[in-house]
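Peer 1: This is the structure I want to talk about, given as structure tokens.
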Amino acid sequence: ARYGTEVACDLYMAAFLMPKTEVPLNYQRAMVPTTGDVRQKLAGGNVYGPLEGAAREVAGAASVLHWPLEFPDVMVGKGGFDVVLGNPPWERIKLQEQEFFAGHPVADEPNAAARTRAINKLAEAPEGSSDRRLYEAFQIAKRIAEATSTFARVPGDSGGRYRYTGTGDVNTYALFAEQFLNLTNGSGGAGLIVPTGIATDATTAPFFGHLVSGKRLISLHDFQTGMGFFDRIGHARFKFCLLTLGTLPPNGEMAFSVFSRTIDEFKEPARHFHLSPEQIAAINPNTKTLPIFRTEFDAELTARTYRRLPVLVEEGVANGNPWNVSFMAMFHMSADSGAFRTAKQLVEAGFQRAGLEWHNALSRYVPLYEAKMVHHFDHRWATYDSLDSRDATLVEKQNPDFEPTARYWVPAADVETRLAGKGWKRDWLIGWRDICRATDYRTLISSAIPKSGCGDKYLLMFPDAPATIVAGLLANLDALVQDFIARQKIGGTSLKYFTMNQLPILPPSAYDEAALAFIVPRVLELTYTSHSMAPFARDLGYEGPPFAWNEDRRAQLRAELDAWYALAYGLRPDELRYVLDPKDVMGEDY
């Protein structure tokens, strides 16, 4: 019976491979092998001719494994395994062009559009040449990646195997994690080594939410590479975890620890904390993803903050978006690169530089701001010399006429069209850096910038509120207490919309006249440091010149805003001391 089932699977694969032009009129009959087909094959007959051999070849190349056929006594007889253990591969299914062509000139092209042109050029190489073989190998690899992605993304309701992890930019470790869970029986468990993104990333949020709400998560212990664990992985701060799945007892709490770099650090009691499914839902109500608490006190302080304040956007709840905020990644650095122009290209095309813009008789281009150009209350953090970036100097920042030079320029009409789609009519923007780490000095970095193009690593937000109240939102995002909360949410190197939405943010109603009188002048002085930010200053009611850049003065203003928001968040003095310097409260060995 088992062999007969294998034969049926081979026949089905053969029918799937059959070109549709060769399928008889009875299409359904041809595509679904019957019991008669299986008996014919078992008796030594042939049903689909050479396609049967092709089917076995394809199945072998794909390393097909049918678990119920391989382990019928376990999968059918016991409903699954008692224990599943493993270290699955950590690989993106999407083919990465730069990785595939590493060492070839194609990989050195400046953007995706240029790489596509270079790859297509390889197809014109002589038959049998190295470039032609490389092109053909790339096409095969691309097709396999696309087919694998299609298989992984089949919806669960349509028979797909990966109901929770077959979404987004699929990584094999997530698929294996779901497979491990599915292979266990009702009382069984699974243990695996996977990137910590399984618990923190947006693409794996449905799976982790399923583990939490279904009470199938027993523990997650997070480690960092670089001090004894996977040192050859090539990234000194890559985060992975030991994930244990099973069945949580009634009223049980899940066990966690994070940021351990050695076994000795893992043994420190302060690093371990416990959370119930309900507590995780309160801190991350939209995704149910895991907060990355370094210590038990971090967990307690964060939980108290969430009891006092709402999140920026709580999905599925009436009045859950008090700022009526929306978001946008304006220009994708790969997909939109065909519209980018360098200064050299604009000069060659007859454009003339005028202030921040490039003009000619027919159109104009505006700078493309990239995340690395921006910092807290600072739209002039870095500038480009040709295609290389550098930090702006103090002398440059003290000059109100200095504006950063962009690497690329984009059509102003495209910027206007994209902003109009969001209903944004102001001549300034507010956003935050996508790329960040919880291990950096500061994690959440936000600023107001002049109206311009923006790369997809500087994510934009569009709150529906008066400019003076938006100034409060900006100050809230850049406050130290908010930075403390944000770093509890970052397991990798990205702060996406789903993380921003779940940060505790003061609502617009919190800004009364006295609050605005304190906050707005400080935000104005910190932000209006060059002429390009005049529209923001005018919207805040200020008609004067830019403010002088003075490092000591700026530090004082930011400290005053930090103190105001610490009070607004309800922090006690010892809690604020902990945010500023944990060792000041807990001792030097903390």
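Scheme for the structure tokens: letters A, B, ... for chains in order shown; per-chain residue numbers from 1; ligand numbers from 1 in order shown.
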Please provide the set of residues having any atom within 8 Å of range 493-505 of chain A, restricted to only C-alpha atoms, with same-chain residues fewer than 2 positions apart removed, written as a PDB file with C-alpha atoms, in the first residue's frame.
Peer 2:
```
ATOM      1  CA  ALA A 202       6.729  41.322  10.814  1.00  0.00           C
ATOM      2  CA  ILE A 283       2.714  45.324  24.920  1.00  0.00           C
ATOM      3  CA  ASN A 284       2.379  44.336  21.245  1.00  0.00           C
ATOM      4  CA  PRO A 285      -1.387  44.305  20.686  1.00  0.00           C
ATOM      5  CA  ASN A 286      -1.265  44.211  16.884  1.00  0.00           C
ATOM      6  CA  THR A 287       1.340  41.520  16.210  1.00  0.00           C
ATOM      7  CA  THR A 305       4.499  52.329  30.738  1.00  0.00           C
ATOM      8  CA  TYR A 306       2.002  50.477  28.566  1.00  0.00           C
ATOM      9  CA  LEU A 309      -0.237  55.177  27.591  1.00  0.00           C
ATOM     10  CA  PRO A 310      -1.913  54.003  24.378  1.00  0.00           C
ATOM     11  CA  VAL A 311       0.051  52.735  21.393  1.00  0.00           C
ATOM     12  CA  LEU A 312       0.342  54.947  18.321  1.00  0.00           C
ATOM     13  CA  VAL A 313      -2.069  52.745  16.334  1.00  0.00           C
ATOM     14  CA  GLU A 314      -4.057  49.861  17.797  1.00  0.00           C
ATOM     15  CA  PHE A 327       2.866  55.992   6.491  1.00  0.00           C
ATOM     16  CA  ARG A 433      15.332  55.766  10.283  1.00  0.00           C
ATOM     17  CA  ASP A 434      14.348  52.222   9.415  1.00  0.00           C
ATOM     18  CA  ILE A 435      17.805  50.721   9.965  1.00  0.00           C
ATOM     19  CA  CYS A 436      18.712  50.635  13.657  1.00  0.00           C
ATOM     20  CA  ARG A 437      19.857  48.307  16.426  1.00  0.00           C
ATOM     21  CA  ALA A 438      18.967  47.909  20.076  1.00  0.00           C
ATOM     22  CA  LEU A 444      14.836  55.471  17.430  1.00  0.00           C
ATOM     23  CA  LEU A 473       4.917  64.087  18.300  1.00  0.00           C
ATOM     24  CA  ASN A 476       8.003  62.387  21.781  1.00  0.00           C
ATOM     25  CA  LEU A 477       9.708  60.173  19.200  1.00  0.00           C
ATOM     26  CA  GLN A 482      10.752  56.540  24.089  1.00  0.00           C
ATOM     27  CA  ILE A 485      10.880  51.481  24.952  1.00  0.00           C
ATOM     28  CA  ALA A 486      11.863  51.217  21.277  1.00  0.00           C
ATOM     29  CA  LYS A 489      11.068  46.031  20.426  1.00  0.00           C
ATOM     30  CA  ILE A 490      14.075  45.648  18.106  1.00  0.00           C
ATOM     31  CA  GLY A 491      15.349  42.118  17.634  1.00  0.00           C
ATOM     32  CA  PRO A 507      -2.162  61.270  22.036  1.00  0.00           C
TER      33      PRO A 507
END
```
Peer 1: With only C-alpha atoms counted and 10 Å as the cut-off, give the residues of range 220-299 of chain A in contact with range 81-86 of chain A, each with its shortest interatomic distance in Å and the pair that gives it, as CSV.
Peer 2:
```
residue,atom,partner,partner_atom,distance
A:Thr244,CA,A:Leu85,CA,9.4
A:Leu245,CA,A:Val84,CA,9.5
A:Gly246,CA,A:Val83,CA,9.4
```
Peer 1: Residues of range 31-169 of chain A in strand (DSSP E) according to DSSP, as a PyMOL selection string?
Peer 2: chain A and resi 81-86
Peer 1: Please run DSSP on the backbone and report, as a list of chain:residue names, all residues within range 183-272 of chain A that come out as helix (DSSP H, G or I).
Peer 2: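 Assigned to helix (DSSP H, G or I), within range 183-272 of chain A: A:Leu183, A:Gly197, A:Ile198, A:Ala199, A:Thr200, A:Ala205, A:Pro206, A:Phe207, A:Phe208, A:Gly209, A:His210, A:Leu211, A:Val212, A:Ser213, A:Asp231, A:Arg232, A:Ile233, A:Ile263, A:Asp264, A:Glu265, A:Phe266, A:Pro269, A:Ala270, A:Arg271.
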Peer 1: Counting only C-alpha atoms, which residue out of A:Thr527, A:Asn111, A:Gln279, A:Gln40 sits closest to Phe340 in chain A?
Peer 2: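 Ranked by minimum distance to Phe340 in chain A, first place goes to A:Asn111.
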Peer 1: Near His272 in chain A, within 8 Å and counting only C-alpha atoms, which residues show up once chain neighbours fewer than 5 positions away are dropped, as a count of residues only?
Peer 2: 6
Peer 1: Would you mind reading off the distance between CA of Met533 in chain A and CA of Glu551 in chain A, one decimal, in Å?
Peer 2: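 Rounded to one decimal, the two atoms are 18.7 Å apart.
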Peer 1: Skip range 370-376 of chain A itself and residues of its chain fewer than 2 positions away, then list as a ChimeraX atom specification all residues within 6 Å of it, counting only C-alpha atoms.
Peer 2: /A:378-379,381-382,433,445-447,455,457-458
Peer 1: Could you please take those selected residues and save N, CA and C atoms as a compact mmCIF listing (two decimals), in the first residue's frame?
Peer 2:
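Full text of result-v6.txt as output:
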```txt
# COMPACT_ATOMS: atom_id res chain seq x y z
N ASP A 378 17.82 66.91 13.34
CA ASP A 378 18.95 67.34 12.51
C ASP A 378 18.78 66.79 11.09
N HIS A 379 18.42 67.66 10.15
CA HIS A 379 18.29 67.25 8.75
C HIS A 379 19.60 67.40 7.99
N TRP A 381 22.71 65.92 9.15
CA TRP A 381 23.64 65.05 9.87
C TRP A 381 24.81 64.61 8.98
N ALA A 382 24.49 64.28 7.73
CA ALA A 382 25.53 63.80 6.81
C ALA A 382 25.27 64.34 5.42
N ARG A 433 14.42 56.73 10.88
CA ARG A 433 15.33 55.77 10.28
C ARG A 433 14.79 54.35 10.45
N ILE A 445 15.52 57.12 15.79
CA ILE A 445 16.06 58.40 15.31
C ILE A 445 15.06 59.01 14.35
N SER A 446 14.52 60.16 14.74
CA SER A 446 13.48 60.82 13.95
C SER A 446 13.85 62.29 13.75
N SER A 447 13.31 62.88 12.68
CA SER A 447 13.56 64.30 12.43
C SER A 447 12.55 64.84 11.43
N GLY A 455 14.43 58.07 0.43
CA GLY A 455 14.65 56.65 0.20
C GLY A 455 13.83 55.81 1.14
N LYS A 457 14.56 53.70 3.32
CA LYS A 457 15.07 53.48 4.67
C LYS A 457 14.83 54.68 5.57
N TYR A 458 14.25 55.75 5.01
CA TYR A 458 13.75 56.85 5.84
C TYR A 458 12.24 56.85 5.66
```
Peer 1: Please compute the CA of Thr529 in chain A-CA of Met333 in chain A distance, one decimal, in Å.
Peer 2: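 CA of Met333 in chain A lies 28.0 Å from CA of Thr529 in chain A.
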Peer 1: With distances taken over only C-alpha atoms, which of A:Thr289, A:Glu560, A:Phe484, A:Ala118 is nearest to Pro521 in chain A?
Peer 2: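 Result for the nearest residue to Pro521 in chain A: A:Glu560.
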Peer 1: Quick one: residues within 10 Å of range 171-179 of chain A, only C-alpha atoms, excluding same-chain residues fewer than 2 positions away - as a VMD selection string?
Peer 2: chain A and resid 84 86 to 94 149 152 161 to 169 181 to 184 190 to 195 197 to 198 203 to 204 207 to 208 211 243 245
